[in-house]
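Below is structure01.cif, which holds mmCIF, C-alpha atoms and all ligand atoms.
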```
data_entry
#
loop_
_atom_site.label_atom_id
_atom_site.label_comp_id
_atom_site.auth_asym_id
_atom_site.auth_seq_id
_atom_site.Cartn_x
_atom_site.Cartn_y
_atom_site.Cartn_z
CA MET J 1 22.92 -59.55 -21.55
CA ILE J 2 20.59 -59.96 -24.55
CA SER J 3 19.77 -63.31 -26.17
CA VAL J 4 21.21 -64.71 -29.42
CA GLY J 5 17.85 -64.18 -31.15
CA GLU J 6 17.52 -60.56 -30.03
CA ALA J 7 21.13 -59.85 -31.03
CA ARG J 8 20.45 -61.20 -34.53
CA GLU J 9 17.30 -59.08 -34.87
CA ARG J 10 19.15 -55.96 -33.76
CA ILE J 11 22.06 -56.59 -36.14
CA LEU J 12 19.67 -57.15 -39.07
CA ALA J 13 17.84 -53.94 -38.21
CA LEU J 14 21.08 -52.03 -38.89
CA LEU J 15 21.31 -53.40 -42.45
CA ALA J 16 19.52 -52.83 -45.76
CA PRO J 17 19.98 -54.65 -49.08
CA THR J 18 22.53 -53.23 -51.51
CA GLY J 19 21.36 -51.67 -54.76
CA ALA J 20 21.10 -53.43 -58.10
CA GLU J 21 23.79 -53.63 -60.76
CA ILE J 22 23.48 -54.91 -64.31
CA VAL J 23 25.76 -57.81 -65.21
CA PRO J 24 26.13 -59.96 -68.34
CA LEU J 25 24.13 -63.15 -68.10
CA ALA J 26 27.26 -65.31 -67.87
CA ALA J 27 28.39 -63.40 -64.75
CA ALA J 28 25.02 -63.68 -62.99
CA ALA J 29 25.37 -67.28 -61.74
CA GLY J 30 25.40 -67.39 -57.95
CA ARG J 31 24.19 -63.78 -57.68
CA VAL J 32 20.89 -62.63 -56.15
CA LEU J 33 18.32 -61.45 -58.68
CA ALA J 34 17.33 -57.83 -57.96
CA GLU J 35 14.46 -57.54 -60.46
CA PRO J 36 12.12 -60.29 -61.70
CA VAL J 37 12.98 -61.96 -65.00
CA VAL J 38 10.01 -61.46 -67.35
CA ALA J 39 9.90 -63.44 -70.60
CA ARG J 40 10.74 -61.24 -73.61
CA LEU J 41 9.34 -63.86 -75.99
CA THR J 42 7.00 -66.84 -76.17
CA GLN J 43 8.58 -70.28 -75.97
CA PRO J 44 8.24 -72.13 -78.23
CA PRO J 45 7.36 -69.22 -80.51
CA HIS J 46 5.18 -71.49 -82.74
CA ASP J 47 3.81 -75.02 -82.65
CA VAL J 48 6.92 -77.17 -83.25
CA SER J 49 7.61 -80.84 -83.79
CA ALA J 50 9.01 -82.87 -80.88
CA MET J 51 10.25 -85.62 -83.28
CA ASP J 52 11.80 -86.24 -86.68
CA GLY J 53 9.00 -87.30 -89.08
CA PHE J 54 6.21 -85.92 -91.28
CA ALA J 55 3.48 -83.33 -90.75
CA LEU J 56 0.07 -84.14 -92.18
CA ARG J 57 -3.65 -83.57 -91.68
CA ALA J 58 -4.98 -85.83 -88.92
CA ALA J 59 -7.77 -86.92 -91.30
CA ASP J 60 -5.06 -88.49 -93.48
CA GLY J 61 -3.36 -90.21 -90.54
CA VAL J 62 -4.61 -93.70 -91.34
CA ALA J 63 -2.32 -96.75 -91.37
CA GLY J 64 -1.49 -97.69 -94.98
CA MET J 65 -2.19 -94.19 -96.37
CA ARG J 66 0.29 -92.92 -98.99
CA LEU J 67 0.89 -89.15 -99.04
CA ARG J 68 2.74 -86.82 -101.43
CA VAL J 69 5.74 -85.07 -99.81
CA ILE J 70 5.43 -81.42 -100.88
CA GLY J 71 8.50 -80.07 -99.09
CA ALA J 72 10.75 -80.10 -96.04
CA ALA J 73 11.04 -77.75 -93.06
CA PRO J 74 14.38 -78.18 -91.28
CA ALA J 75 14.56 -76.41 -87.88
CA GLY J 76 15.12 -72.72 -88.58
CA HIS J 77 13.61 -72.94 -92.09
CA PRO J 78 9.80 -73.03 -91.77
CA PHE J 79 7.74 -74.37 -94.72
CA ALA J 80 6.03 -71.44 -96.44
CA GLY J 81 3.00 -73.30 -97.88
CA THR J 82 -0.01 -75.11 -96.46
CA VAL J 83 -0.43 -78.88 -96.08
CA GLY J 84 -3.52 -79.97 -98.02
CA PRO J 85 -5.41 -83.30 -98.17
CA GLY J 86 -3.17 -86.18 -99.27
CA GLU J 87 -0.01 -84.14 -98.58
CA ALA J 88 2.83 -84.27 -96.04
CA VAL J 89 5.88 -82.15 -95.18
CA ARG J 90 9.17 -83.58 -93.94
CA LEU J 91 9.92 -82.28 -90.40
CA PHE J 92 12.70 -82.53 -87.83
CA THR J 93 12.82 -82.05 -84.07
CA GLY J 94 12.23 -78.35 -83.43
CA SER J 95 10.76 -77.67 -86.92
CA VAL J 96 7.79 -75.30 -87.08
CA VAL J 97 4.60 -77.29 -87.83
CA PRO J 98 3.36 -75.99 -91.22
CA ALA J 99 -0.06 -74.45 -91.74
CA GLY J 100 -2.79 -77.01 -92.41
CA ALA J 101 -1.04 -79.85 -90.52
CA ASP J 102 -2.34 -81.01 -87.14
CA ALA J 103 -0.64 -84.39 -86.74
CA ILE J 104 2.86 -85.80 -86.91
CA VAL J 105 3.99 -89.30 -87.68
CA ILE J 106 7.53 -90.25 -86.66
CA GLN J 107 9.78 -91.43 -89.46
CA GLU J 108 10.26 -94.92 -87.95
CA ASP J 109 6.52 -95.49 -88.48
CA THR J 110 6.76 -94.78 -92.24
CA GLU J 111 8.27 -95.90 -95.48
CA HIS J 112 9.39 -92.88 -97.44
CA ASP J 113 11.43 -91.46 -100.27
CA ASP J 114 11.86 -87.85 -101.39
CA ALA J 115 8.49 -87.78 -103.15
CA SER J 116 6.13 -89.85 -100.99
CA VAL J 117 5.52 -91.32 -97.56
CA THR J 118 3.42 -94.36 -96.59
CA LEU J 119 2.14 -94.57 -93.01
CA ARG J 120 2.66 -97.83 -91.14
CA GLU J 121 0.85 -96.51 -88.05
CA ALA J 122 -2.11 -94.20 -87.57
CA ALA J 123 -1.29 -90.61 -86.52
CA ARG J 124 -3.14 -89.07 -83.56
CA PRO J 125 -4.10 -85.37 -83.77
CA GLY J 126 -1.74 -83.18 -81.72
CA ARG J 127 0.67 -86.00 -80.89
CA HIS J 128 4.39 -85.01 -80.98
CA ILE J 129 3.46 -81.33 -81.32
CA ARG J 130 4.84 -78.84 -78.76
CA ARG J 131 2.29 -76.03 -78.63
CA ALA J 132 3.34 -72.38 -78.91
CA GLY J 133 3.84 -70.98 -75.39
CA GLN J 134 3.86 -74.45 -73.82
CA ASP J 135 7.03 -73.53 -71.88
CA PHE J 136 6.26 -69.84 -71.24
CA ALA J 137 4.57 -66.83 -72.81
CA ALA J 138 5.94 -63.33 -73.43
CA GLY J 139 5.27 -61.15 -70.37
CA GLU J 140 5.21 -64.08 -67.95
CA THR J 141 7.32 -63.68 -64.78
CA LEU J 142 9.79 -66.56 -64.82
CA LEU J 143 12.11 -65.80 -61.88
CA ALA J 144 11.26 -63.74 -58.79
CA ALA J 145 13.55 -61.09 -57.30
CA GLY J 146 15.58 -62.48 -54.40
CA ARG J 147 16.35 -65.79 -56.09
CA VAL J 148 19.95 -66.99 -55.97
CA LEU J 149 20.64 -67.76 -59.61
CA GLY J 150 21.67 -71.32 -60.43
CA ALA J 151 22.62 -72.79 -63.80
CA ARG J 152 19.01 -73.66 -64.68
CA ASP J 153 17.94 -70.08 -63.93
CA ILE J 154 20.67 -68.75 -66.22
CA GLY J 155 19.38 -71.12 -68.91
CA LEU J 156 15.79 -69.95 -68.41
CA ALA J 157 16.80 -66.26 -68.53
CA ALA J 158 18.76 -66.94 -71.72
CA ALA J 159 15.78 -68.76 -73.27
CA ALA J 160 13.64 -65.74 -72.40
CA ASN J 161 16.18 -63.61 -74.37
CA HIS J 162 17.87 -61.71 -71.52
CA PRO J 163 21.55 -60.98 -72.28
CA TRP J 164 21.85 -58.91 -69.05
CA LEU J 165 20.35 -59.32 -65.58
CA ALA J 166 19.85 -56.97 -62.62
CA VAL J 167 21.48 -58.50 -59.54
CA ARG J 168 22.26 -57.17 -56.08
CA ARG J 169 25.69 -55.57 -55.82
CA ARG J 170 27.94 -57.81 -53.74
CA PRO J 171 28.17 -56.12 -50.33
CA VAL J 172 31.67 -54.95 -49.44
CA VAL J 173 32.55 -56.26 -45.99
CA ALA J 174 35.75 -54.88 -44.44
CA VAL J 175 37.57 -57.11 -41.95
CA LEU J 176 39.69 -55.42 -39.30
CA ALA J 177 41.80 -57.60 -36.99
CA THR J 178 43.24 -55.84 -33.96
CA GLY J 179 45.95 -56.61 -31.42
CA ASP J 180 49.68 -55.91 -30.86
CA GLU J 181 50.29 -59.66 -30.92
CA ILE J 182 48.69 -60.25 -34.32
CA ALA J 183 50.65 -60.78 -37.56
CA MET J 184 49.34 -61.66 -40.99
CA PRO J 185 50.21 -65.13 -42.34
CA GLY J 186 53.83 -65.08 -43.58
CA GLU J 187 54.73 -61.85 -41.76
CA PRO J 188 57.31 -61.73 -38.92
CA ILE J 189 55.49 -62.79 -35.72
CA PRO J 190 56.17 -60.56 -32.67
CA PRO J 191 57.36 -62.19 -29.40
CA GLY J 192 54.40 -64.03 -27.89
CA GLY J 193 52.42 -63.19 -30.99
CA ILE J 194 50.08 -65.25 -33.14
CA VAL J 195 49.00 -65.23 -36.76
CA SER J 196 45.67 -63.68 -37.68
CA SER J 197 43.63 -66.68 -38.63
CA ASN J 198 40.47 -64.63 -38.18
CA SER J 199 41.10 -62.22 -41.07
CA HIS J 200 41.35 -64.94 -43.67
CA ALA J 201 38.72 -67.26 -42.19
CA LEU J 202 36.20 -64.43 -42.02
CA ALA J 203 37.09 -63.25 -45.53
CA ALA J 204 36.54 -66.78 -46.87
CA TYR J 205 33.20 -67.02 -45.09
CA ILE J 206 32.14 -63.59 -46.37
CA ARG J 207 32.94 -64.60 -49.95
CA ALA J 208 31.09 -67.91 -49.56
CA ALA J 209 28.06 -65.97 -48.29
CA GLY J 210 28.08 -63.70 -51.37
CA GLY J 211 30.04 -60.71 -50.04
CA GLU J 212 33.18 -58.96 -51.27
CA ALA J 213 35.73 -59.23 -48.45
CA VAL J 214 38.36 -56.52 -47.95
CA ILE J 215 41.04 -57.44 -45.42
CA LEU J 216 42.33 -54.26 -43.72
CA PRO J 217 45.84 -54.10 -42.24
CA VAL J 218 45.98 -55.30 -38.62
CA ALA J 219 45.52 -52.41 -36.16
CA PRO J 220 47.66 -52.38 -33.00
CA ASP J 221 46.13 -52.00 -29.52
CA ASP J 222 45.93 -48.23 -29.84
CA ARG J 223 42.71 -46.19 -29.95
CA ALA J 224 43.85 -43.74 -32.59
CA ALA J 225 45.23 -46.51 -34.82
CA ILE J 226 42.04 -48.57 -34.51
CA GLY J 227 39.94 -45.49 -35.29
CA ALA J 228 42.07 -44.65 -38.31
CA ALA J 229 41.94 -48.22 -39.62
CA ALA J 230 38.16 -48.31 -39.23
CA ALA J 231 37.86 -44.97 -41.03
CA ALA J 232 39.36 -46.70 -44.08
CA ALA J 233 36.14 -48.72 -44.23
CA ALA J 234 33.92 -45.64 -44.61
CA ARG J 235 32.60 -46.88 -48.00
CA ALA J 236 32.02 -50.49 -46.86
CA ASP J 237 28.54 -51.96 -46.45
CA LEU J 238 29.64 -53.59 -43.18
CA LEU J 239 32.73 -53.37 -40.98
CA VAL J 240 33.65 -56.53 -39.06
CA THR J 241 36.26 -56.23 -36.31
CA THR J 242 37.86 -59.05 -34.37
CA GLY J 243 39.62 -58.92 -31.03
CA GLY J 244 39.74 -56.16 -28.47
CA ALA J 245 36.07 -56.71 -27.70
CA SER J 246 36.27 -57.78 -24.08
CA VAL J 247 36.91 -55.95 -20.82
CA GLY J 248 40.74 -56.06 -20.68
CA ALA J 249 42.82 -52.89 -20.47
CA HIS J 250 43.96 -53.55 -24.05
CA ASP J 251 40.50 -54.31 -25.46
CA LEU J 252 40.20 -51.02 -27.27
CA VAL J 253 37.97 -51.54 -30.30
CA GLN J 254 34.95 -49.77 -28.80
CA ALA J 255 37.10 -46.96 -27.43
CA GLY J 256 38.93 -46.55 -30.74
CA LEU J 257 35.70 -46.48 -32.75
CA ALA J 258 34.03 -44.21 -30.17
CA GLU J 259 36.59 -41.55 -31.07
CA ARG J 260 35.16 -41.70 -34.59
CA GLY J 261 31.55 -41.47 -33.41
CA LEU J 262 30.55 -45.12 -32.86
CA ASP J 263 26.91 -45.51 -31.80
CA VAL J 264 26.79 -48.82 -29.86
CA ASP J 265 23.53 -50.75 -30.32
CA PHE J 266 24.49 -53.56 -27.91
CA TRP J 267 27.58 -55.11 -26.35
CA LYS J 268 27.75 -58.57 -24.74
CA ILE J 269 25.24 -61.33 -25.33
CA ALA J 270 24.18 -64.45 -23.43
CA MET J 271 26.16 -66.81 -25.63
CA ARG J 272 29.18 -69.09 -25.51
CA PRO J 273 31.50 -68.73 -27.30
CA GLY J 274 31.09 -65.09 -28.30
CA LYS J 275 29.96 -63.23 -25.17
CA PRO J 276 31.65 -59.90 -26.01
CA LEU J 277 29.87 -59.49 -29.37
CA MET J 278 29.18 -55.83 -30.20
CA ALA J 279 27.03 -54.15 -32.85
CA GLY J 280 26.58 -50.51 -33.75
CA MET J 281 26.88 -47.80 -36.39
CA LEU J 282 30.02 -45.87 -37.30
CA GLY J 283 28.87 -42.94 -39.38
CA GLY J 284 26.77 -44.68 -42.01
CA VAL J 285 28.60 -48.01 -41.70
CA PRO J 286 27.12 -50.87 -39.64
CA VAL J 287 29.76 -52.46 -37.39
CA LEU J 288 29.87 -56.01 -36.08
CA GLY J 289 32.50 -56.43 -33.39
CA LEU J 290 33.52 -60.07 -33.05
CA PRO J 291 35.64 -61.51 -30.24
CA GLY J 292 39.30 -62.31 -30.93
CA ASN J 293 39.23 -65.98 -29.98
CA PRO J 294 39.15 -67.75 -33.36
CA VAL J 295 36.34 -70.17 -32.51
CA SER J 296 34.27 -67.40 -30.93
CA ALA J 297 34.75 -65.22 -34.00
CA LEU J 298 33.72 -67.99 -36.41
CA VAL J 299 30.75 -69.26 -34.37
CA CYS J 300 29.53 -65.64 -34.25
CA ALA J 301 30.07 -65.49 -38.00
CA VAL J 302 27.75 -68.48 -38.52
CA LEU J 303 25.08 -67.06 -36.22
CA PHE J 304 25.24 -63.36 -37.11
CA LEU J 305 27.52 -62.54 -40.05
CA GLY J 306 25.87 -65.08 -42.37
CA PRO J 307 22.36 -63.67 -41.81
CA ALA J 308 23.82 -60.13 -42.04
CA ILE J 309 25.26 -60.81 -45.50
CA ALA J 310 22.02 -62.51 -46.49
CA ARG J 311 20.15 -59.32 -45.52
CA LEU J 312 22.65 -57.17 -47.45
CA THR J 313 22.26 -59.30 -50.58
CA GLY J 314 18.47 -59.44 -50.32
CA ARG J 315 18.26 -63.16 -49.49
CA PRO J 316 16.17 -64.59 -46.62
CA ASP J 317 18.09 -63.72 -43.46
CA GLU J 318 16.85 -66.32 -40.99
CA ALA J 319 18.95 -67.99 -38.33
CA PRO J 320 21.08 -70.87 -39.64
CA PRO J 321 18.91 -73.98 -40.02
CA THR J 322 19.02 -76.61 -37.28
CA GLU J 323 18.50 -80.38 -37.43
CA PRO J 324 17.63 -82.93 -34.74
CA ALA J 325 20.33 -85.32 -33.52
CA ARG J 326 20.68 -87.88 -30.74
CA CYS J 327 23.51 -87.05 -28.35
CA THR J 328 25.90 -89.94 -27.64
CA VAL J 329 27.01 -88.56 -24.25
CA ALA J 330 25.29 -87.16 -21.15
CA LEU J 331 25.14 -83.36 -21.07
CA ALA J 332 25.67 -81.23 -17.95
CA ALA J 333 23.14 -78.54 -17.04
CA ASN J 334 23.84 -75.29 -18.90
CA ASP J 335 24.30 -71.85 -17.35
CA HIS J 336 22.48 -68.75 -18.61
CA ARG J 337 24.51 -68.47 -21.85
CA ALA J 338 23.30 -70.29 -25.00
CA ASP J 339 26.08 -72.77 -25.74
CA HIS J 340 27.37 -73.95 -29.11
CA LEU J 341 29.41 -77.11 -28.58
CA ARG J 342 31.76 -78.17 -31.35
CA ALA J 343 30.77 -81.73 -32.26
CA THR J 344 31.08 -84.54 -34.79
CA LEU J 345 28.12 -86.16 -36.58
CA ALA J 346 27.55 -89.76 -37.68
CA ARG J 347 24.50 -91.46 -39.19
CA ASP J 348 22.67 -94.09 -37.11
CA GLU J 349 21.07 -97.24 -38.59
CA ALA J 350 17.77 -95.42 -39.16
CA GLY J 351 19.49 -92.58 -41.07
CA GLY J 352 19.24 -90.04 -38.22
CA TRP J 353 22.17 -88.07 -36.80
CA ARG J 354 24.19 -89.06 -33.76
CA VAL J 355 26.14 -86.12 -32.35
CA THR J 356 29.21 -86.26 -30.10
CA PRO J 357 30.63 -83.03 -28.63
CA PHE J 358 34.39 -82.73 -28.18
CA PRO J 359 35.31 -83.16 -24.48
CA VAL J 360 37.36 -79.92 -24.50
CA GLN J 361 35.54 -76.83 -25.76
CA ASP J 362 38.20 -74.10 -25.61
CA SER J 363 37.32 -71.18 -27.88
CA ALA J 364 40.92 -70.87 -29.06
CA MET J 365 41.03 -74.40 -30.56
CA LEU J 366 40.70 -73.81 -34.27
CA SER J 367 41.79 -77.37 -35.16
CA ARG J 368 38.76 -78.74 -33.27
CA LEU J 369 36.48 -76.36 -35.13
CA ALA J 370 37.94 -77.59 -38.42
CA GLN J 371 37.29 -81.21 -37.34
CA ALA J 372 33.74 -80.44 -36.19
CA ASP J 373 30.75 -81.26 -38.37
CA ALA J 374 28.27 -79.29 -36.32
CA LEU J 375 27.52 -77.00 -33.41
CA LEU J 376 25.43 -78.73 -30.75
CA LEU J 377 22.98 -76.17 -29.36
CA ARG J 378 22.34 -75.85 -25.62
CA ALA J 379 19.63 -73.38 -24.66
CA PRO J 380 20.23 -70.98 -21.77
CA ASP J 381 19.65 -72.79 -18.45
CA ALA J 382 18.98 -76.13 -20.21
CA PRO J 383 18.79 -78.95 -17.63
CA ALA J 384 21.22 -81.89 -17.55
CA GLU J 385 20.39 -84.53 -20.15
CA PRO J 386 21.12 -88.29 -20.08
CA GLU J 387 23.02 -90.02 -22.87
CA GLY J 388 20.74 -90.49 -25.89
CA ALA J 389 18.76 -87.26 -25.46
CA MET J 390 17.55 -85.48 -28.60
CA VAL J 391 19.23 -82.14 -29.25
CA ARG J 392 19.47 -79.74 -32.18
CA VAL J 393 22.56 -79.03 -34.25
CA ILE J 394 23.71 -76.49 -36.85
CA ARG J 395 25.67 -78.27 -39.56
CA LEU J 396 28.91 -76.53 -40.46
CA ASP J 397 29.40 -78.20 -43.84
CA SER J 398 26.24 -76.67 -45.27
CA CYS J 399 26.81 -73.01 -44.42
CA GLY J 400 30.13 -72.12 -46.07
CA MET J 401 32.02 -72.56 -42.82
N1 LIG C 501 37.90 -60.72 -17.35
C1 LIG C 501 37.31 -61.18 -18.46
N2 LIG C 501 38.09 -61.67 -19.43
C2 LIG C 501 37.51 -62.13 -20.56
C3 LIG C 501 36.12 -62.13 -20.70
C4 LIG C 501 35.34 -61.58 -19.66
O1 LIG C 501 34.10 -61.55 -19.72
N3 LIG C 501 35.98 -61.12 -18.58
N4 LIG C 501 35.56 -62.64 -21.81
C5 LIG C 501 36.31 -63.69 -22.44
C6 LIG C 501 35.68 -64.06 -23.67
S1 LIG C 501 34.18 -64.83 -23.53
C7 LIG C 501 36.28 -63.87 -24.87
S2 LIG C 501 35.57 -64.51 -26.30
C8 LIG C 501 37.51 -63.14 -25.01
C9 LIG C 501 37.35 -62.09 -26.11
O2 LIG C 501 38.45 -61.35 -26.16
P1 LIG C 501 38.65 -60.13 -27.15
O3 LIG C 501 37.59 -60.04 -28.13
O4 LIG C 501 38.93 -58.94 -26.33
O5 LIG C 501 39.91 -60.61 -27.93
P2 LIG C 501 41.44 -60.45 -27.59
O6 LIG C 501 41.63 -60.32 -26.13
O7 LIG C 501 41.95 -59.40 -28.46
O8 LIG C 501 41.93 -61.85 -28.07
C10 LIG C 501 41.46 -63.05 -27.51
C11 LIG C 501 42.30 -64.18 -28.05
O9 LIG C 501 42.13 -64.29 -29.44
C12 LIG C 501 43.35 -64.12 -30.13
N5 LIG C 501 43.13 -63.36 -31.35
C13 LIG C 501 42.80 -62.05 -31.42
N6 LIG C 501 42.70 -61.67 -32.71
C14 LIG C 501 42.97 -62.75 -33.44
C15 LIG C 501 43.05 -62.97 -34.83
N7 LIG C 501 42.81 -61.98 -35.73
N8 LIG C 501 43.33 -64.20 -35.29
C16 LIG C 501 43.58 -65.21 -34.39
N9 LIG C 501 43.53 -65.03 -33.05
C17 LIG C 501 43.24 -63.83 -32.58
C18 LIG C 501 44.20 -63.36 -29.17
O10 LIG C 501 45.57 -63.52 -29.40
C19 LIG C 501 43.76 -63.94 -27.83
O11 LIG C 501 44.43 -65.15 -27.61
O12 LIG C 501 37.86 -62.49 -23.83
C20 LIG C 501 37.77 -63.35 -22.69
N10 LIG C 501 38.30 -62.63 -21.57
O1 LIG C 502 33.16 -65.88 -26.21
MO1 LIG C 502 34.34 -66.41 -25.27
O2 LIG C 502 35.04 -67.48 -26.45
O3 LIG C 502 33.07 -67.42 -24.71
O4 LIG C 502 35.49 -67.25 -24.26
#
```
Using the file provided, produce a representation of the structure as structure tokens.
Amino acid sequence: MISVGEARERILALLAPTGAEIVPLAAAAGRVLAEPVVARLTQPPHDVSAMDGFALRAADGVAGMRLRVIGAAPAGHPFAGTVGPGEAVRLFTGSVVPAGADAIVIQEDTEHDDASVTLREAARPGRHIRRAGQDFAAGETLLAAGRVLGARDIGLAAAANHPWLAVRRRPVVAVLATGDEIAMPGEPIPPGGIVSSNSHALAAYIRAAGGEAVILPVAPDDRAAIGAAAAAAARADLLVTTGGASVGAHDLVQAGLAERGLDVDFWKIAMRPGKPLMAGMLGGVPVLGLPGNPVSALVCAVLFLGPAIARLTGRPDEAPPTEPARCTVALAANDHRADHLRATLARDEAGGWRVTPFPVQDSAMLSRLAQADALLLRAPDAPAEPEGAMVRVIRLDSCGM
């Protein structure tokens, strides 16, 4: 069986970023920039005042000096003339500094009427003047491709006069649950059946990761039906199946997809929960086969589906980040499968994490997963650890899960 790290590498190797699409600026928040944002103008376009006051020549900026007010330049209405010796122009925050002026005195430091202004303080050259291009210059690259656009990026793109942006198309990820016993929430449940929690949990995770989730109808445990359902995903960027991944007589996902030409890259990895993970290509569509057990499916989603969607959207596709934590209980020696124990986190007095795994780690216990704050990582063949040992955790609250 291959390792978690190798499995992730092999899954990512099956995927390429989606193409770009052009969206209105307002719709670009949260999307991944596909082309750099280059300033279409210089900001500010001219030297402008940072305060309400008067523009004058610095040589006249002496306390007690009385100057003639030759005009006003409200923001958006630049003064057409030139400020000469003994003259001043009324300015406001954002006003273009008129020709001839190289100093500004704020109005609180003056006595003024419409015709004249007397300085109570000296004016320093350049003070309160925002220089042209101080923020950015036309042609400057402001945002790099690959950036996930936040509100400040939208503001910066708008300031640089971009009404449209090129972003990565949201990858379409089809979710196919399989099993005779599976019903959708609200549907009649067959005898001994259960409701497909996986379809909706995976769809929610896919959306949180930046994908477009399409929930396919549940396929029964029948090769032809599974193949036909998967064929409906022929235009998807990724097909995710759940269930039917193991070795049982009714675990038919591989067999069903094989009838449609599935090329298996790997099946089974040294991991718990999630051993029967499968990856391959079905025609041109990458396939990620997740186990049916709800916790197995969602832990595999954190470790593999998240990075896969990151790759598809052109974001960094590393493993989920881990943090150190001190374990509050002794840990038994691990076997050869990397383990991911569902656990709660609490802060200690020094601000570090204390992690406590749940005593029962059944991969069907979705309520425990919902209560968990983190996955406590146990490396393959890790030795027993006493209470208080340092371990590493993946936080579940910070990854859309
Ligand atoms: N003899 C062996 N048996 C099993 C092995 C093994 O190595 N040898 N592996 C075990 C492991 S590990 C896992 S994980 C499971 C994986 O099973 P499958 O992927 O084949 O999943 P199913 O058998 O179809 O279902 C397992 C379990 O999950 C429930 N399920 C299925 N789909 C959904 C869904 N959409 N939403 C919620 N729950 C779902 C299903 O009812 C079963 O209870 O195999 C072990 N067995
Ligand atoms: O992957 Mo399975 O959930 O380990 O039992």
Atom CA of Val38 of chain J to atom CA of Met51 of chain J, straight-line distance in Å: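 The value is 28.9 Å.
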d(atom CA of Val393 of chain J, atom N10 of ligand LIG 501 (chain C)) in Å: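 Those two atoms sit 26.0 Å apart.
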d(atom CA of Gly227 of chain J, atom O8 of ligand LIG 501 (chain C)) in Å: 18.0 Å
Environment of ligand LIG 502 (chain C) within 6 Å, counting only C-alpha atoms and all ligand atoms, reported as a PyMOL selection string: chain J and resi 272-275+293+296+363
Expected selection as a ChimeraX atom specification for ligand LIG 501 (chain C) within 7 Å, all atoms listed in the file: /J:177-179,181-182,194-199,242-248,251,272-276,290-294,296,364
Which polymer residues, whether protein, DNA or RNA, lie within 8 Å of the coordinate (3.8, -91.9, -99.2) when you count all atoms listed in the file? List them as an mmCIF file with C-alpha atoms, in the frame of the given file, using the chain letters and numbers from the file.
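Listed below is the output, point-v9.cif:
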```cif
data_model
loop_
_atom_site.group_PDB
_atom_site.id
_atom_site.type_symbol
_atom_site.label_atom_id
_atom_site.label_comp_id
_atom_site.auth_asym_id
_atom_site.auth_seq_id
_atom_site.Cartn_x
_atom_site.Cartn_y
_atom_site.Cartn_z
ATOM 1 C CA MET J 65 -2.190 -94.190 -96.370
ATOM 2 C CA ARG J 66 0.290 -92.920 -98.990
ATOM 3 C CA LEU J 67 0.890 -89.150 -99.040
ATOM 4 C CA ARG J 68 2.740 -86.820 -101.430
ATOM 5 C CA VAL J 69 5.740 -85.070 -99.810
ATOM 6 C CA GLU J 111 8.270 -95.900 -95.480
ATOM 7 C CA HIS J 112 9.390 -92.880 -97.440
ATOM 8 C CA ASP J 113 11.430 -91.460 -100.270
ATOM 9 C CA ALA J 115 8.490 -87.780 -103.150
ATOM 10 C CA SER J 116 6.130 -89.850 -100.990
ATOM 11 C CA VAL J 117 5.520 -91.320 -97.560
ATOM 12 C CA THR J 118 3.420 -94.360 -96.590
ATOM 13 C CA LEU J 119 2.140 -94.570 -93.010
#
```
Neighbour residues at most 7 Å from (5.2, -76.4, -92.8) (all atoms listed in the file) as a PyMOL selection string: chain J and resi 73+78-83+89+96-99
Within 7 Å of segment 302-314 of chain J using only C-alpha atoms, minus same-chain residues under 4 positions, as a ChimeraX atom specification: /J:8,12,15-18,32,146,168,170-171,209,211,298,318-320
Nearest-residue call for Leu257 of chain J, choices J:Leu165, J:Ala233, J:Ala343, J:Cys399, using all atoms listed in the file: J:Ala233
Selection: 8 Å around Ala58 of chain J, all atoms listed in the file, excl. self and same-chain fewer than 5 positions, as a PDB file with C-alpha atoms, in the frame of the given file:
```
ATOM      1  CA  ALA J 101      -1.040 -79.850 -90.520  1.00  0.00           C
ATOM      2  CA  ASP J 102      -2.340 -81.010 -87.140  1.00  0.00           C
ATOM      3  CA  ALA J 103      -0.640 -84.390 -86.740  1.00  0.00           C
ATOM      4  CA  ALA J 123      -1.290 -90.610 -86.520  1.00  0.00           C
ATOM      5  CA  ARG J 124      -3.140 -89.070 -83.560  1.00  0.00           C
ATOM      6  CA  PRO J 125      -4.100 -85.370 -83.770  1.00  0.00           C
TER       7      PRO J 125
END
```
Nearest to Gly284 of chain J, chosen from J:Ala234, J:Val360, J:Ala332, J:Ile2, with all atoms listed in the file counted in the distances: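 Nearest candidate to Gly284 of chain J out of J:Ala234, J:Val360, J:Ala332, J:Ile2: J:Ala234.
Among the candidates J:Ala374, J:Ala157, J:Thr141, J:Gly126, the residue lying nearest to Ser398 of chain J is J:Ala374 (atoms considered: all atoms listed in the file).
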Non-local contacts of Val167 of chain J (8 Å; only C-alpha atoms; under 6 positions in same chain excluded) as a PyMOL selection string: chain J and resi 20-23+28+31-35
Pick from J:Ala144, J:Leu288, J:Ala208, J:Ala225 nearest to Asp397 of chain J, counting all atoms listed in the file: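 Of the candidates, the smallest distance to Asp397 of chain J is held by J:Ala208.
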